[in-house]
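A.B. asks: See my_file_12.csv below, with CSV, C-alpha atoms.
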chain,number,residue,atom,x,y,z
A,26,MET,CA,2.7,26.7,45.0
A,27,ASN,CA,0.8,25.7,48.1
A,28,PRO,CA,1.9,22.7,50.2
A,29,PRO,CA,-0.3,19.5,49.8
A,30,VAL,CA,-2.3,18.9,53.0
A,31,SER,CA,-5.0,16.4,52.6
A,32,ARG,CA,-2.9,13.2,52.5
A,33,PHE,CA,-0.9,14.2,55.5
A,34,GLN,CA,-3.4,15.8,57.8
A,35,ALA,CA,-3.3,12.9,60.2
A,36,LEU,CA,0.4,13.6,60.9
A,37,ASP,CA,-0.7,16.8,62.7
A,38,LEU,CA,-2.1,14.7,65.5
A,39,LEU,CA,1.4,13.4,66.3
A,40,ALA,CA,3.4,15.0,69.0
A,41,THR,CA,6.6,13.9,67.2
A,42,PRO,CA,8.0,16.2,64.5
A,43,VAL,CA,7.5,14.6,61.1
A,44,ALA,CA,8.5,15.7,57.5
A,45,VAL,CA,7.6,14.2,54.2
A,46,LEU,CA,10.3,14.7,51.6
A,47,GLN,CA,10.7,14.0,47.9
A,48,GLY,CA,13.7,13.9,45.5
A,49,GLN,CA,16.9,15.1,47.1
A,50,GLY,CA,15.1,16.0,50.3
A,51,ARG,CA,12.7,18.8,49.3
A,52,VAL,CA,9.9,19.3,51.8
A,53,ARG,CA,6.4,18.3,50.7
A,54,PHE,CA,4.9,18.5,54.2
A,55,VAL,CA,5.8,19.1,57.8
A,56,ASN,CA,3.4,18.6,60.7
A,57,ALA,CA,2.6,21.1,63.4
A,58,ALA,CA,5.2,19.6,65.8
A,59,LEU,CA,8.0,20.2,63.4
A,60,GLU,CA,6.8,23.7,62.7
A,61,ASP,CA,7.1,24.3,66.5
A,62,ALA,CA,10.5,22.6,66.7
A,63,LEU,CA,12.0,24.7,63.8
A,64,GLY,CA,10.2,27.9,64.6
A,65,MET,CA,9.0,28.2,60.9
A,66,SER,CA,5.7,27.7,59.2
A,67,ARG,CA,5.0,24.8,56.8
A,68,ARG,CA,4.4,27.4,54.1
A,69,THR,CA,7.9,28.7,54.6
A,70,LEU,CA,9.4,25.3,54.7
A,71,PHE,CA,7.6,23.9,51.7
A,72,ASP,CA,9.9,22.9,48.8
A,73,THR,CA,13.0,23.8,50.7
A,74,PRO,CA,15.8,21.3,51.1
A,75,MET,CA,15.4,19.5,54.5
A,76,PRO,CA,19.1,18.7,54.9
A,77,ASP,CA,19.9,22.4,55.2
A,78,TYR,CA,18.1,22.4,58.6
A,79,PHE,CA,20.7,20.1,60.1
A,80,LEU,CA,24.2,21.1,61.3
A,81,ASP,CA,25.6,18.2,59.3
A,82,PRO,CA,23.3,17.6,56.2
A,83,GLN,CA,25.3,14.7,54.8
A,84,PRO,CA,23.8,11.8,56.9
A,85,LEU,CA,20.3,12.8,55.8
A,86,ILE,CA,21.3,13.1,52.2
A,87,SER,CA,22.8,9.6,52.3
A,88,ALA,CA,19.8,8.2,54.1
A,89,LEU,CA,17.4,9.6,51.5
A,90,VAL,CA,19.4,7.9,48.7
A,91,GLY,CA,19.2,4.6,50.6
A,92,ALA,CA,15.5,4.9,51.4
A,93,GLN,CA,14.6,5.8,47.8
A,94,SER,CA,16.5,2.8,46.5
A,95,ASN,CA,14.8,0.5,49.1
A,96,GLU,CA,18.1,-0.4,50.7
A,97,PHE,CA,16.5,-0.5,54.2
A,98,ALA,CA,13.0,-0.4,55.8
A,99,ALA,CA,14.1,2.3,58.3
A,100,LEU,CA,17.4,4.0,59.2
A,101,ARG,CA,18.1,5.6,62.5
A,102,TYR,CA,20.8,8.0,63.6
A,103,GLU,CA,21.5,10.9,65.9
A,104,ALA,CA,21.7,14.5,64.6
A,105,GLN,CA,21.5,18.2,65.5
A,106,LEU,CA,18.6,20.3,64.2
A,107,ARG,CA,19.0,24.0,63.5
A,108,ARG,CA,16.2,26.1,65.0
A,109,MET,CA,15.0,29.6,64.2
A,110,HIS,CA,15.6,32.1,67.1
A,111,HIS,CA,17.7,29.6,69.0
A,112,ASP,CA,21.4,29.7,69.4
A,113,ASP,CA,21.6,26.0,70.4
A,114,PRO,CA,20.7,23.2,68.0
A,115,LEU,CA,18.1,20.6,69.1
A,116,PRO,CA,19.5,17.0,69.5
A,117,VAL,CA,17.2,14.6,67.8
A,118,HIS,CA,17.0,10.9,67.0
A,119,VAL,CA,16.3,10.7,63.2
A,120,ILE,CA,14.2,7.9,61.7
A,121,VAL,CA,14.2,7.8,57.9
A,122,ALA,CA,11.7,5.4,56.1
A,123,PRO,CA,10.4,5.1,52.5
A,124,SER,CA,6.8,6.0,51.9
A,125,ASP,CA,4.4,3.9,49.8
A,126,GLN,CA,4.8,6.6,47.1
A,127,ALA,CA,7.6,6.7,44.6
A,128,GLU,CA,10.7,8.8,45.7
A,129,GLU,CA,8.8,9.9,48.8
A,130,VAL,CA,10.4,9.5,52.2
A,131,ILE,CA,9.1,10.1,55.7
A,132,VAL,CA,11.5,11.5,58.3
A,133,GLU,CA,10.6,11.4,62.0
A,134,LEU,CA,12.6,13.5,64.4
A,135,LEU,CA,12.4,12.4,68.0
A,136,PRO,CA,13.9,14.9,70.4
A,137,VAL,CA,16.5,13.1,72.5
A,138,GLU,CA,15.0,14.6,75.7
A,139,GLN,CA,11.6,13.2,74.8
A,140,GLN,CA,13.1,9.8,74.0
A,141,THR,CA,15.0,9.8,77.3
A,142,ARG,CA,11.8,10.7,79.1
A,143,GLN,CA,9.9,7.8,77.4
A,144,GLU,CA,12.6,5.4,78.3
A,145,ARG,CA,12.5,6.6,81.9
A,146,GLU,CA,8.7,6.2,82.0
A,147,GLU,CA,8.9,2.7,80.7
A,148,ARG,CA,11.6,1.9,83.3
A,149,LEU,CA,9.4,3.3,86.1
A,150,LEU,CA,6.4,1.3,84.9
A,151,ASP,CA,8.4,-1.9,84.8
A,152,GLN,CA,9.9,-1.2,88.3
A,153,ALA,CA,6.4,-0.5,89.7
A,154,GLN,CA,5.0,-3.7,88.3
A,155,ALA,CA,8.0,-5.7,89.7
A,156,ASN,CA,7.5,-3.9,93.1
A,157,LYS,CA,3.8,-4.8,93.2
A,158,GLU,CA,4.5,-8.5,92.6
A,159,LEU,CA,7.3,-8.5,95.1
A,160,ILE,CA,5.2,-6.7,97.8
A,161,ARG,CA,2.3,-9.0,97.3
A,162,ASN,CA,4.3,-12.2,97.4
A,163,LEU,CA,6.5,-11.1,100.3
A,164,ALA,CA,3.6,-9.9,102.4
A,165,HIS,CA,1.8,-13.2,102.0
A,166,GLU,CA,5.0,-15.1,102.9
A,167,ILE,CA,5.4,-13.0,106.1
A,168,LYS,CA,1.7,-12.9,107.0
A,169,ASN,CA,1.2,-16.7,107.3
A,170,PRO,CA,3.9,-17.5,109.9
A,171,LEU,CA,3.2,-14.3,111.9
A,172,GLY,CA,-0.1,-15.6,113.1
A,173,GLY,CA,1.6,-18.8,114.3
A,174,ILE,CA,4.3,-16.9,116.1
A,175,ARG,CA,1.9,-14.6,117.9
A,176,GLY,CA,-0.4,-17.4,118.9
A,177,SER,CA,2.5,-19.5,120.2
A,178,ALA,CA,3.7,-16.6,122.3
A,179,GLN,CA,0.2,-16.2,123.8
A,180,LEU,CA,0.0,-19.9,124.6
A,181,LEU,CA,3.5,-19.8,126.1
A,182,GLU,CA,2.6,-16.8,128.3
A,183,MET,CA,-0.5,-18.7,129.7
A,184,GLU,CA,1.8,-21.6,130.7
A,185,LEU,CA,4.5,-19.5,132.4
A,186,ASP,CA,4.6,-19.8,136.2
A,187,ASN,CA,7.1,-16.9,136.5
A,188,LYS,CA,5.2,-13.8,135.6
A,189,ASP,CA,8.5,-11.9,135.1
A,190,LEU,CA,9.1,-13.9,132.0
A,191,THR,CA,5.9,-12.5,130.4
A,192,GLU,CA,8.0,-9.5,129.5
A,193,TYR,CA,9.6,-11.6,126.8
A,194,THR,CA,6.4,-13.0,125.4
A,195,GLN,CA,5.0,-9.5,125.3
A,196,VAL,CA,7.9,-8.4,123.2
A,197,ILE,CA,7.2,-11.2,120.7
A,198,ILE,CA,3.5,-10.4,120.6
A,199,HIS,CA,4.1,-6.6,120.2
A,200,GLU,CA,6.7,-7.1,117.4
A,201,ALA,CA,4.4,-9.6,115.7
A,202,ASP,CA,1.6,-7.0,115.8
A,203,ARG,CA,3.9,-4.3,114.4
A,204,LEU,CA,4.9,-6.6,111.5
A,205,GLN,CA,1.2,-7.5,110.9
A,206,THR,CA,0.4,-3.7,110.6
A,207,LEU,CA,3.3,-3.3,108.1
A,208,VAL,CA,2.0,-6.3,106.1
A,209,ASP,CA,-1.5,-4.9,106.1
A,210,ARG,CA,-0.3,-1.6,104.8
A,211,LEU,CA,1.6,-3.4,102.0
A,212,LEU,CA,-1.4,-5.4,101.0
A,213,ALA,CA,-4.0,-2.5,101.4
A,214,PRO,CA,-4.0,-1.3,97.8
A,215,HIS,CA,-4.6,-4.8,96.5
A,216,ARG,CA,-7.3,-5.6,99.0
A,217,ARG,CA,-9.4,-2.5,98.9
A,218,PRO,CA,-12.0,-2.3,96.2
A,219,HIS,CA,-11.6,0.4,93.6
A,220,VAL,CA,-14.6,2.8,94.4
A,221,VAL,CA,-15.2,4.8,91.3
A,222,SER,CA,-17.1,8.1,91.3
A,223,ASP,CA,-16.8,11.6,89.8
A,224,VAL,CA,-13.7,13.3,91.2
A,225,ASN,CA,-12.9,17.0,91.3
A,226,ILE,CA,-9.1,17.2,91.7
A,227,HIS,CA,-9.3,20.5,93.5
A,228,GLU,CA,-11.5,19.1,96.2
A,229,VAL,CA,-8.8,16.4,96.6
A,230,CYS,CA,-6.2,19.1,96.9
A,231,GLU,CA,-8.2,21.1,99.4
A,232,ARG,CA,-8.7,18.1,101.6
A,233,VAL,CA,-5.0,17.4,101.6
A,234,ARG,CA,-4.2,21.0,102.2
A,235,ALA,CA,-6.5,21.1,105.3
A,236,LEU,CA,-4.9,17.9,106.7
A,237,ILE,CA,-1.3,19.1,106.2
A,238,LEU,CA,-2.0,22.5,107.8
A,239,ALA,CA,-3.8,20.9,110.7
A,240,GLU,CA,-0.6,18.8,111.4
A,241,PHE,CA,1.8,21.7,110.7
A,242,PRO,CA,-0.1,24.8,111.7
A,243,LYS,CA,3.0,27.1,112.0
A,244,GLY,CA,5.9,27.9,109.7
A,245,LEU,CA,4.4,26.1,106.6
A,246,GLN,CA,2.5,27.7,103.8
A,247,VAL,CA,0.5,25.5,101.4
A,248,VAL,CA,0.1,27.6,98.2
A,249,ARG,CA,-2.8,27.0,95.7
A,250,ASP,CA,-2.1,27.3,92.0
A,251,TYR,CA,-5.1,25.7,90.3
A,252,ASP,CA,-6.4,25.6,86.8
A,253,ILE,CA,-10.2,25.7,87.5
A,254,SER,CA,-11.1,24.6,84.0
A,255,ILE,CA,-10.0,21.1,84.7
A,256,PRO,CA,-13.1,18.8,84.4
A,257,ASP,CA,-14.2,16.2,86.8
A,258,PHE,CA,-13.2,12.6,85.9
A,259,ARG,CA,-14.0,9.1,87.0
A,260,GLY,CA,-11.8,7.8,89.8
A,261,ASP,CA,-11.4,6.7,93.4
A,262,ARG,CA,-11.5,9.9,95.4
A,263,GLU,CA,-10.1,8.3,98.6
A,264,GLN,CA,-7.2,6.7,96.8
A,265,LEU,CA,-6.3,10.0,95.2
A,266,ILE,CA,-6.5,11.9,98.5
A,267,GLN,CA,-4.2,9.3,100.0
A,268,ALA,CA,-1.7,9.5,97.1
A,269,VAL,CA,-1.5,13.3,97.2
A,270,LEU,CA,-1.4,13.3,101.0
A,271,ASN,CA,1.5,10.8,101.1
A,272,ILE,CA,3.5,13.0,98.8
A,273,SER,CA,2.6,16.2,100.6
A,274,HIS,CA,3.3,14.7,104.0
A,275,ASN,CA,6.7,13.5,102.9
A,276,ALA,CA,7.4,17.1,101.7
A,277,ALA,CA,6.3,18.5,105.0
A,278,GLN,CA,8.6,16.1,106.9
A,279,ALA,CA,11.5,17.1,104.7
A,280,LEU,CA,10.8,20.8,105.4
A,281,GLN,CA,11.3,20.6,109.2
A,282,ASP,CA,14.2,22.9,109.2
A,283,ARG,CA,12.4,25.5,107.1
A,284,ILE,CA,9.3,25.1,109.2
A,285,ALA,CA,11.4,26.0,112.2
A,286,HIS,CA,12.5,29.2,110.4
A,287,GLY,CA,9.0,30.0,109.2
A,288,ASP,CA,9.7,29.9,105.5
A,289,ALA,CA,8.6,26.5,104.4
A,290,ALA,CA,6.3,26.2,101.4
A,291,ILE,CA,4.4,23.5,99.5
A,292,THR,CA,2.7,24.4,96.2
A,293,LEU,CA,-0.2,22.4,94.8
A,294,LYS,CA,-0.4,23.2,91.1
A,295,SER,CA,-2.8,21.7,88.6
A,296,ARG,CA,-2.7,22.0,84.8
A,297,ILE,CA,-4.2,20.4,81.7
A,298,LEU,CA,-1.9,18.7,79.1
A,299,ARG,CA,-3.0,18.2,75.6
A,300,GLN,CA,-1.9,15.5,73.2
A,301,VAL,CA,0.5,13.9,75.7
A,302,THR,CA,2.2,10.5,75.7
A,303,PHE,CA,3.1,8.7,78.9
A,304,GLY,CA,3.0,5.1,80.0
A,305,LYS,CA,3.4,4.0,76.4
A,306,LYS,CA,0.0,5.5,75.4
A,307,ARG,CA,-1.1,8.8,73.9
A,308,TYR,CA,-3.9,10.8,75.5
A,309,ARG,CA,-5.9,13.7,74.1
A,310,LEU,CA,-6.1,15.3,77.6
A,311,ALA,CA,-4.4,14.6,80.9
A,312,LEU,CA,-4.3,16.1,84.4
A,313,GLU,CA,-0.9,17.3,85.5
A,314,LEU,CA,-0.8,17.8,89.3
A,315,HIS,CA,2.4,19.1,90.9
A,316,VAL,CA,3.4,18.9,94.6
A,317,VAL,CA,6.4,21.3,94.9
A,318,ASP,CA,8.3,22.0,98.0
A,319,ASN,CA,11.3,24.3,98.8
A,320,GLY,CA,13.1,21.7,101.0
A,321,PRO,CA,16.6,20.2,100.8
A,322,GLY,CA,15.8,17.8,97.9
A,323,VAL,CA,15.8,14.0,97.6
A,324,PRO,CA,19.2,12.6,98.7
A,325,ASP,CA,21.3,11.5,95.7
A,326,SER,CA,21.7,8.0,97.2
A,327,ILE,CA,18.0,7.2,96.8
A,328,LYS,CA,16.9,9.4,93.9
A,329,ASP,CA,16.5,6.4,91.5
A,330,ARG,CA,14.8,4.2,94.2
A,331,ILE,CA,12.4,6.5,95.9
A,332,PHE,CA,9.3,4.6,94.7
A,333,PHE,CA,10.8,1.3,95.9
A,334,PRO,CA,9.1,-0.1,99.0
A,335,LEU,CA,10.9,0.4,102.4
A,336,ILE,CA,13.2,3.1,100.9
A,337,SER,CA,13.1,6.3,103.0
A,338,GLY,CA,15.3,9.4,103.2
A,339,ARG,CA,14.0,10.1,106.7
A,340,GLU,CA,15.1,8.5,110.0
A,341,GLY,CA,12.3,6.3,111.2
A,342,GLY,CA,10.3,6.5,107.9
A,343,SER,CA,8.5,3.4,106.7
A,344,GLY,CA,9.4,3.9,103.1
A,345,LEU,CA,5.8,3.0,102.0
A,346,GLY,CA,4.3,6.4,101.4
A,347,LEU,CA,5.5,6.9,97.8
A,348,THR,CA,5.2,3.3,96.9
A,349,LEU,CA,1.5,3.3,97.9
A,350,ALA,CA,1.0,6.7,96.1
A,351,GLN,CA,2.5,5.3,92.9
A,352,THR,CA,0.2,2.2,93.2
A,353,PHE,CA,-2.9,4.3,93.7
A,354,VAL,CA,-2.1,6.6,90.7
A,355,GLN,CA,-1.3,3.7,88.5
A,356,GLN,CA,-4.7,2.2,89.3
A,357,HIS,CA,-6.0,5.4,87.5
A,358,HIS,CA,-3.8,4.6,84.5
A,359,GLY,CA,-1.4,7.4,85.5
A,360,MET,CA,2.1,7.7,86.9
A,361,ILE,CA,4.2,9.9,89.2
A,362,GLU,CA,7.6,11.5,88.3
A,363,CYS,CA,10.0,13.3,90.5
A,364,ASP,CA,12.4,16.1,89.7
A,365,SER,CA,14.5,17.2,92.7
A,366,GLU,CA,17.4,19.5,93.5
A,367,PRO,CA,18.4,21.3,96.6
A,368,GLY,CA,15.8,24.0,97.3
A,369,ARG,CA,13.1,22.5,95.0
A,370,THR,CA,11.5,19.1,94.7
A,371,ASP,CA,8.6,18.6,92.3
A,372,PHE,CA,6.5,15.4,92.3
A,373,LYS,CA,4.3,15.4,89.2
A,374,ILE,CA,1.2,13.2,89.0
A,375,LEU,CA,-0.1,12.5,85.5
A,376,ILE,CA,-3.6,11.1,85.0
A,377,PRO,CA,-5.5,10.7,81.7
A,378,LEU,CA,-8.8,12.7,81.4
A,379,PRO,CA,-11.8,11.7,79.3
Could I get this file's structure written as structure tokens?
C.D. replies:
Amino acid sequence: MNPPVSRFQALDLLATPVAVLQGQGRVRFVNAALEDALGMSRRTLFDTPMPDYFLDPQPLISALVGAQSNEFAALRYEAQLRRMHHDDPLPVHVIVAPSDQAEEVIVELLPVEQQTRQEREERLLDQAQANKELIRNLAHEIKNPLGGIRGSAQLLEMELDNKDLTEYTQVIIHEADRLQTLVDRLLAPHRRPHVVSDVNIHEVCERVRALILAEFPKGLQVVRDYDISIPDFRGDREQLIQAVLNISHNAAQALQDRIAHGDAAITLKSRILRQVTFGKKRYRLALELHVVDNGPGVPDSIKDRIFFPLISGREGGSGLGLTLAQTFVQQHHGMIECDSEPGRTDFKILIPLP
């Protein structure tokens, strides 16, 4: 008997593994994501008992009984899924819910790693939004009195009879100017209009590569690893150049010791993702751009805070580069993630494609 398909075809569009079960848990349908997770075809899985694919089948058996008797709208629990050709089981978050058909139950299996990633993405988005509001409010609060401080120092300097004392007024003026520059950098992403045009991500990468090699001409290799099939998309070219440049420049700064030894490397790697979910939304296509370096890695003390403003792992760093990069990418409905360990740091930029 062939598995029924027509009613459940839409489930194949989901990235989450899903099974439709009847009776005591016999498989009526599995989507493509569950085929991949189990390493078995839906034809092979059809009419087999789904509980057998778990290390401990009893929780699913009990959940099926409860769902079919309408004891709950949905039941959630953690489980271990057996996989073909894999020694290790797959940890999953199981969601069991009754269907609108009699004795039919839908089982959704969310890999724990995927759930953790989604929670991390949501946390990053919340943090970025809080950062943006904090920066904007703080910058305006600093900016207003700065003009008064600088102006008062200039007036005071004009009234001084002892010119030796102008050294002190000049300190006030110079420090006010330095803070003004910092505030302008904080407010820049919110002031500058979003100039939208067709963007080729590899033109962006080549511009960044040229700028980095011009500043670090010896001891640093910038490797290209491009997927040339990636289409152009609508975006702000200058903002994306600045975002990738900020990340790449941070990487180059972290590679100073390796540059001195002549074995420093930054890799610009582009790929296409299909049917991907990030930022609480699902996209048919997305750009995945990696900036990978072979430096010492992000210090553990700031790993969870690297996108916060004024957080820097480098002596004398402003701590604004990654904050601004995250802001620019988010204005393209994307996000930046970081995976770092000694010897390899990977900043991944995700941007939806049309």
A.B. asks: One decimal, in Å: what's the spacing between atom CA of A:Pro242 and atom CA of A:Ser295?
C.D. replies: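 Here the two named atoms are 23.5 Å from each other.
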A.B. asks: Using only C-alpha atoms, determine which residues lie at most 6 Å from stretch 99-111 of chain A, disregarding the query and same-chain residues fewer than 5 positions distant; provide the list as a list in words.
C.D. replies: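 Non-adjacent residues within range: Leu63, Gly64, Tyr78, Phe79, Leu80, Pro116, Val117, His118, Val119, Ile120, Val121 and Ala122 of chain A.
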A.B. asks: Can I get the selection written as a short mmCIF file (atom, residue, chain, number, x, y, z; two decimals), keeping the file's coordinate frame, with C-alpha atoms?
C.D. replies:
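The result, stored in again_17.cif:
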data_model
loop_
_atom_site.label_atom_id
_atom_site.label_comp_id
_atom_site.auth_asym_id
_atom_site.auth_seq_id
_atom_site.Cartn_x
_atom_site.Cartn_y
_atom_site.Cartn_z
CA LEU A 63 12.00 24.70 63.80
CA GLY A 64 10.20 27.90 64.60
CA TYR A 78 18.10 22.40 58.60
CA PHE A 79 20.70 20.10 60.10
CA LEU A 80 24.20 21.10 61.30
CA PRO A 116 19.50 17.00 69.50
CA VAL A 117 17.20 14.60 67.80
CA HIS A 118 17.00 10.90 67.00
CA VAL A 119 16.30 10.70 63.20
CA ILE A 120 14.20 7.90 61.70
CA VAL A 121 14.20 7.80 57.90
CA ALA A 122 11.70 5.40 56.10
#
A.B. asks: Given the choices A:Gln47, A:Asn225, A:Gln126, A:Asn169, which gets closest to A:Ile253 if the distance is worked out from only C-alpha atoms?
C.D. replies: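 Looking at the shortest contact to A:Ile253, the residue is A:Asn225.
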A.B. asks: To one decimal place, how far is atom CA of A:Val316 from atom CA of A:His274 in Å?
C.D. replies: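 A separation of 10.3 Å between them.
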A.B. asks: Given all atoms listed in the file as the basis, pick out the residue of A:Pro74, A:Gly172, A:Gly359, A:Gly260 nearest to A:Val52.
C.D. replies: A:Pro74
A.B. asks: Let me make sure I understand: among A:His227, A:Arg53, A:Lys168, A:Arg299, which one has the smallest atom-to-atom distance to A:Ile131 if we use all atoms listed in the file?
C.D. replies: A:Arg53
A.B. asks: So that I can check the surroundings of A:Glu313, please list as a list of chain:residue names every protein, DNA and RNA residue that reaches within 7 Å of it, counting only C-alpha atoms and ignoring chain neighbours fewer than 2 positions away.
C.D. replies: A:Ser295, A:Arg296, A:Ile297, A:Leu298, A:Ala311, A:His315, A:Lys373, A:Ile374, A:Leu375, A:Ile376
A.B. asks: Limited to C-alpha atoms, could you put the picked residues into a file as a PDB file, keeping the file's coordinate frame?
C.D. replies:
ATOM      1  CA  SER A 295      -2.800  21.700  88.600  1.00  0.00           C
ATOM      2  CA  ARG A 296      -2.700  22.000  84.800  1.00  0.00           C
ATOM      3  CA  ILE A 297      -4.200  20.400  81.700  1.00  0.00           C
ATOM      4  CA  LEU A 298      -1.900  18.700  79.100  1.00  0.00           C
ATOM      5  CA  ALA A 311      -4.400  14.600  80.900  1.00  0.00           C
ATOM      6  CA  HIS A 315       2.400  19.100  90.900  1.00  0.00           C
ATOM      7  CA  LYS A 373       4.300  15.400  89.200  1.00  0.00           C
ATOM      8  CA  ILE A 374       1.200  13.200  89.000  1.00  0.00           C
ATOM      9  CA  LEU A 375      -0.100  12.500  85.500  1.00  0.00           C
ATOM     10  CA  ILE A 376      -3.600  11.100  85.000  1.00  0.00           C
TER      11      ILE A 376
END
A.B. asks: Which one is closest to A:Phe372: A:Asp125, A:Ser326, A:Lys306, A:Thr292? Count all atoms listed in the file.
C.D. replies: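 Checking each candidate against A:Phe372, we get A:Thr292 as the closest.
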A.B. asks: Using only C-alpha atoms, pick whichever of A:Thr194, A:Gln356, A:Ser273, A:Ser66 has the shortest atom-to-atom distance to A:Cys230.
C.D. replies: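 Nearest candidate to A:Cys230 out of A:Thr194, A:Gln356, A:Ser273, A:Ser66: A:Ser273.
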A.B. asks: Have a look at atom CA of A:Arg330 and atom CA of A:Cys363 and let me know their distance in Å, one decimal.
C.D. replies: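 Taking atom CA of A:Arg330 and atom CA of A:Cys363, their separation equals 10.9 Å.
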A.B. asks: Select, from A:Gly173, A:Pro377, A:Gly91, A:Leu185, the residue with the minimum atom-to-atom distance to A:Pro256, counting only C-alpha atoms.
C.D. replies: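 Looking only at the distances to A:Pro256, the closest residue turns out to be A:Pro377.
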A.B. asks: May I have the protein, DNA and RNA residues with an atom at most 9 Å from (4.7, 8.7, 51.3), counting only C-alpha atoms in the file's coordinates, returned as a list of chain:residue names?
C.D. replies: A:Arg32, A:Phe33, A:Val45, A:Leu46, A:Gln47, A:Pro123, A:Ser124, A:Asp125, A:Gln126, A:Ala127, A:Glu128, A:Glu129, A:Val130, A:Ile131
A.B. asks: Write out as a list in words the residues lying within 12 Å of A:Asp61, counting only C-alpha atoms and excluding same-chain residues fewer than 4 positions away.
C.D. replies: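 The residues satisfying every condition are Asp37, Ala40, Thr41, Pro42, Val43, Val55, Asn56, Ala57, Met65, Ser66, Arg67, Arg108, Met109, His110 and Leu115 of chain A.
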A.B. asks: I need every residue sitting at most 9 Å from the point (0.3, 13.7, 109.5) (coordinates as in the file, all atoms listed in the file considered), written as a list in words.
C.D. replies: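 I get Leu236, Ile237, Ala239, Glu240, Phe241, Leu270, Asn271, His274 and Ala277 of chain A for the residues within 9 Å of that point.
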